[in-house]
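Peer 1: So that you have it, the file is entry_6.pdb, and it contains PDB, C-alpha atoms:
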```pdb
MODEL        1
ATOM      1  CA  MET A   1     147.707  72.431  48.951
ATOM      2  CA  ALA A   2     144.007  73.300  48.403
ATOM      3  CA  GLN A   3     143.283  73.273  52.118
ATOM      4  CA  SER A   4     145.682  76.154  52.659
ATOM      5  CA  LEU A   5     144.609  78.171  49.601
ATOM      6  CA  THR A   6     141.792  80.678  49.734
ATOM      7  CA  THR A   7     139.373  80.896  46.829
ATOM      8  CA  SER A   8     140.988  84.254  46.046
ATOM      9  CA  ALA A   9     144.413  82.581  45.767
ATOM     10  CA  ILE A  10     142.909  79.887  43.510
ATOM     11  CA  GLU A  11     141.404  82.624  41.307
ATOM     12  CA  ASP A  12     144.861  84.181  41.013
ATOM     13  CA  LEU A  13     146.352  80.821  40.000
ATOM     14  CA  VAL A  14     143.715  80.307  37.300
ATOM     15  CA  TYR A  15     144.364  83.814  35.970
ATOM     16  CA  GLN A  16     148.140  83.256  35.911
ATOM     17  CA  GLN A  17     147.841  79.865  34.225
ATOM     18  CA  ILE A  18     145.450  81.157  31.544
ATOM     19  CA  ASN A  19     147.840  83.994  30.671
ATOM     20  CA  GLN A  20     150.736  81.536  30.612
ATOM     21  CA  LEU A  21     148.817  79.406  28.087
ATOM     22  CA  ARG A  22     148.103  82.528  26.005
ATOM     23  CA  ARG A  23     151.785  83.504  26.050
ATOM     24  CA  HIS A  24     152.715  80.043  24.740
ATOM     25  CA  GLN A  25     150.419  80.805  21.780
ATOM     26  CA  SER A  26     152.068  84.244  21.289
ATOM     27  CA  LEU A  27     148.896  85.978  22.471
ATOM     28  CA  PRO A  28     148.765  89.034  24.737
ATOM     29  CA  ASP A  29     147.897  88.625  28.402
ATOM     30  CA  LEU A  30     144.327  89.235  29.462
ATOM     31  CA  LYS A  31     143.853  92.102  31.899
ATOM     32  CA  ARG A  32     141.865  91.195  34.973
ATOM     33  CA  ASP A  33     138.868  93.403  35.748
ATOM     34  CA  SER A  34     137.269  93.564  39.208
ATOM     35  CA  ALA A  35     133.723  94.048  37.848
ATOM     36  CA  ILE A  36     134.119  90.878  35.767
ATOM     37  CA  ASP A  37     135.614  89.047  38.778
ATOM     38  CA  THR A  38     132.532  89.994  40.800
ATOM     39  CA  GLN A  39     130.098  88.514  38.265
ATOM     40  CA  ALA A  40     132.230  85.381  37.868
ATOM     41  CA  ARG A  41     132.335  84.951  41.675
ATOM     42  CA  ILE A  42     128.578  85.364  42.034
ATOM     43  CA  HIS A  43     127.983  82.688  39.396
ATOM     44  CA  SER A  44     130.471  80.286  41.017
ATOM     45  CA  GLN A  45     128.890  80.888  44.430
ATOM     46  CA  ASN A  46     125.410  80.286  43.010
ATOM     47  CA  MET A  47     126.521  77.015  41.402
ATOM     48  CA  ALA A  48     128.356  75.895  44.550
ATOM     49  CA  SER A  49     125.295  76.535  46.709
ATOM     50  CA  GLY A  50     122.925  74.829  44.261
ATOM     51  CA  GLN A  51     120.980  78.047  43.545
ATOM     52  CA  VAL A  52     121.650  77.487  39.852
ATOM     53  CA  PRO A  53     122.724  74.303  38.071
ATOM     54  CA  PHE A  54     126.276  73.818  36.882
ATOM     55  CA  SER A  55     125.808  75.668  33.599
ATOM     56  CA  HIS A  56     126.088  78.927  31.718
ATOM     57  CA  ASN A  57     122.568  79.913  32.843
ATOM     58  CA  GLY A  58     122.345  83.674  33.269
ATOM     59  CA  PHE A  59     125.401  84.444  31.123
ATOM     60  CA  VAL A  60     123.699  87.327  29.293
ATOM     61  CA  GLU A  61     122.643  88.856  32.620
ATOM     62  CA  ARG A  62     126.199  88.558  33.975
ATOM     63  CA  ILE A  63     127.595  90.346  30.923
ATOM     64  CA  GLU A  64     124.959  93.098  31.186
ATOM     65  CA  ALA A  65     125.732  93.568  34.898
ATOM     66  CA  ILE A  66     129.415  94.204  34.090
ATOM     67  CA  LYS A  67     128.485  97.375  32.175
ATOM     68  CA  ILE A  68     131.388  97.345  29.725
ATOM     69  CA  LEU A  69     130.965  98.083  26.023
ATOM     70  CA  TYR A  70     132.025  94.891  24.281
ATOM     71  CA  LYS A  71     132.479  93.341  20.865
ATOM     72  CA  ALA A  72     132.660  89.728  22.042
ATOM     73  CA  THR A  73     132.188  87.676  25.203
ATOM     74  CA  ALA A  74     132.670  84.089  26.317
ATOM     75  CA  GLU A  75     132.617  82.040  29.501
ATOM     76  CA  ASN A  76     134.267  78.899  30.827
ATOM     77  CA  VAL A  77     132.898  77.030  33.843
ATOM     78  CA  ALA A  78     134.310  74.018  35.670
ATOM     79  CA  TYR A  79     134.036  72.138  38.914
ATOM     80  CA  ASN A  80     136.157  69.573  40.673
ATOM     81  CA  GLN A  81     136.693  67.978  44.051
ATOM     82  CA  GLY A  82     139.457  66.127  45.833
ATOM     83  CA  TYR A  83     142.459  67.533  43.984
ATOM     84  CA  SER A  84     145.443  69.043  45.754
ATOM     85  CA  ASP A  85     145.568  71.769  43.088
ATOM     86  CA  PRO A  86     142.000  72.538  41.975
ATOM     87  CA  ALA A  87     143.090  75.537  39.857
ATOM     88  CA  THR A  88     145.435  73.489  37.672
ATOM     89  CA  GLN A  89     142.834  70.724  37.400
ATOM     90  CA  ALA A  90     140.228  73.192  36.101
ATOM     91  CA  VAL A  91     142.631  74.858  33.663
ATOM     92  CA  GLN A  92     143.830  71.474  32.345
ATOM     93  CA  GLY A  93     140.210  70.447  31.771
ATOM     94  CA  TRP A  94     139.620  73.627  29.782
ATOM     95  CA  ARG A  95     142.902  73.139  27.916
ATOM     96  CA  ASN A  96     141.771  69.695  26.769
ATOM     97  CA  SER A  97     138.350  70.868  25.563
ATOM     98  CA  SER A  98     138.237  72.503  22.123
ATOM     99  CA  GLY A  99     135.411  74.936  22.983
ATOM    100  CA  HIS A 100     137.054  76.067  26.213
ATOM    101  CA  TRP A 101     140.417  76.313  24.465
ATOM    102  CA  GLN A 102     138.866  78.585  21.814
ATOM    103  CA  ASN A 103     137.770  80.913  24.626
ATOM    104  CA  ILE A 104     141.208  80.861  26.286
ATOM    105  CA  THR A 105     142.980  81.661  23.012
ATOM    106  CA  GLY A 106     140.263  83.926  21.628
ATOM    107  CA  ASN A 107     140.483  87.580  20.703
ATOM    108  CA  TYR A 108     139.715  88.993  24.165
ATOM    109  CA  ASN A 109     141.484  91.609  26.258
ATOM    110  CA  LEU A 110     139.697  91.482  29.643
ATOM    111  CA  THR A 111     138.854  88.631  31.969
ATOM    112  CA  GLY A 112     137.484  87.883  35.377
ATOM    113  CA  VAL A 113     137.746  84.745  37.475
ATOM    114  CA  GLY A 114     135.491  83.561  40.273
ATOM    115  CA  VAL A 115     135.939  80.485  42.463
ATOM    116  CA  ALA A 116     133.637  79.171  45.179
ATOM    117  CA  LYS A 117     133.857  76.112  47.420
ATOM    118  CA  ASN A 118     130.829  74.454  48.994
ATOM    119  CA  ILE A 119     130.530  72.441  52.194
ATOM    120  CA  GLN A 120     130.973  69.201  50.221
ATOM    121  CA  GLY A 121     134.427  70.454  49.217
ATOM    122  CA  GLU A 122     133.530  70.995  45.565
ATOM    123  CA  TYR A 123     135.218  73.896  43.809
ATOM    124  CA  TYR A 124     133.260  75.811  41.157
ATOM    125  CA  PHE A 125     135.048  77.999  38.618
ATOM    126  CA  THR A 126     133.799  80.708  36.280
ATOM    127  CA  GLN A 127     136.004  82.641  33.891
ATOM    128  CA  ILE A 128     134.489  85.365  31.728
ATOM    129  CA  PHE A 129     136.279  86.713  28.646
ATOM    130  CA  ILE A 130     135.513  90.102  27.072
ATOM    131  CA  LEU A 131     136.777  91.963  24.026
ATOM    132  CA  THR A 132     136.086  95.612  24.700
ATOM    133  CA  GLN A 133     134.691  98.001  22.147
ATOM    134  CA  SER A 134     136.928 100.961  21.443
ATOM    135  CA  PRO A 135     135.182 104.244  22.195
ATOM    136  CA  LYS A 136     134.439 106.226  19.068
ATOM    137  CA  PRO A 137     136.555 109.402  18.675
TER     138      PRO A 137
ENDMDL
END
```
Now that the file is in, can you turn its structure into structure tokens?
Peer 2:
Amino acid sequence: MAQSLTTSAIEDLVYQQINQLRRHQSLPDLKRDSAIDTQARIHSQNMASGQVPFSHNGFVERIEAIKILYKATAENVAYNQGYSDPATQAVQGWRNSSGHWQNITGNYNLTGVGVAKNIQGEYYFTQIFILTQSPKP
């Protein structure tokens, strides 16, 4: 399945699966934001290419680059290789990790997902979560 899926399609699957998990917890869906997607993609591409280690390095800079007023932020990263459904594999890994699960079920309203694949066939995932700040009247 992964061979026929684009990274964009895998991003969509991650987004759908995360919202499905939130719905099972009676939480509202996260709205996807293109500016957040862009920062998540850049980070995944940088990890996939080896420009940065597999990590949360640069998280503060990614959040600042999004230019959204926020109350809270979080980030999940993952990588895998050799699975027919890399999106589900990443989401299941997050689901089974208490820290990642806290982000998935946290009080956030916006998200962005970025996936990159390198020449070794490794998929790198970044999902950023943001709770926006309400503008003052």
Peer 1: Hey, which of A:Ala116, A:Leu131, A:Gly50, A:Gly93 ends up closest to Thr6 (chain A)? Count all atoms listed in the file.
Peer 2: A:Ala116
Peer 1: Counting all atoms listed in the file, which residues come within 10 Å of (144.6, 82.4, 38.2), with the point read in the file's coordinates, and could you list them as a list in words?
Peer 2: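 Applying the cut-off with all atoms listed in the file, one gets Ser8, Ala9, Ile10, Glu11, Asp12, Leu13, Val14, Tyr15, Gln16, Gln17, Ile18, Asn19, Gln20, Arg32, Ala87, Thr88, Val91, Gly112, Val113, Gly114, Val115 and Gln127 of chain A.
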Peer 1: With all atoms listed in the file as the atoms that count, which of A:Gln39, A:Asn57, A:Gln92, A:Asn76 lies nearest to Phe129 (chain A)?
Peer 2: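 Of A:Gln39, A:Asn57, A:Gln92, A:Asn76, the one nearest Phe129 (chain A), counting all atoms listed in the file, is A:Asn76.
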Peer 1: What does the PyMOL selection byres ((chain A and resi 121) around 12) select in this file, as a list in words?
Peer 2: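 Given this file, the PyMOL selection byres ((chain A and resi 121) around 12) evaluates to Ala2, Gln3, Thr7, Ala48, Ser49, Tyr79, Asn80, Gln81, Gly82, Tyr83, Ser84, Pro86, Ala116, Lys117, Asn118, Ile119, Gln120, Glu122, Tyr123 and Tyr124 of chain A.
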Peer 1: Just say which residues the PyMOL selection byres ((chain A and resi 110) around 12) picks in this file, as a PyMOL selection string.
Peer 2: chain A and resi 15+18-19+28-37+66+68-75+103-104+106-109+111-113+127-133
Peer 1: Point out the residue among A:Ser26, A:His43, A:Asn96, A:Asp85 with the least atom-to-atom distance to Glu61 (chain A), counting all atoms listed in the file.
Peer 2: A:His43
Peer 1: State, in Å with one decimal place, the distance from CA of His56 (chain A) to CA of Arg95 (chain A).
Peer 2: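 Interatomic distance, CA of His56 (chain A) to CA of Arg95 (chain A): 18.2 Å.
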Peer 1: Quick one: distance from CA of His24 (chain A) to CA of Ser134 (chain A) in Å, one decimal?
Peer 2: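 Going from CA of His24 (chain A) over to CA of Ser134 (chain A), I get 26.4 Å.
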Peer 1: What does the distance between CA of Arg62 (chain A) and CA of Ser44 (chain A) come to in Å, to one decimal place?
Peer 2: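 CA of Ser44 (chain A) lies 11.7 Å from CA of Arg62 (chain A).
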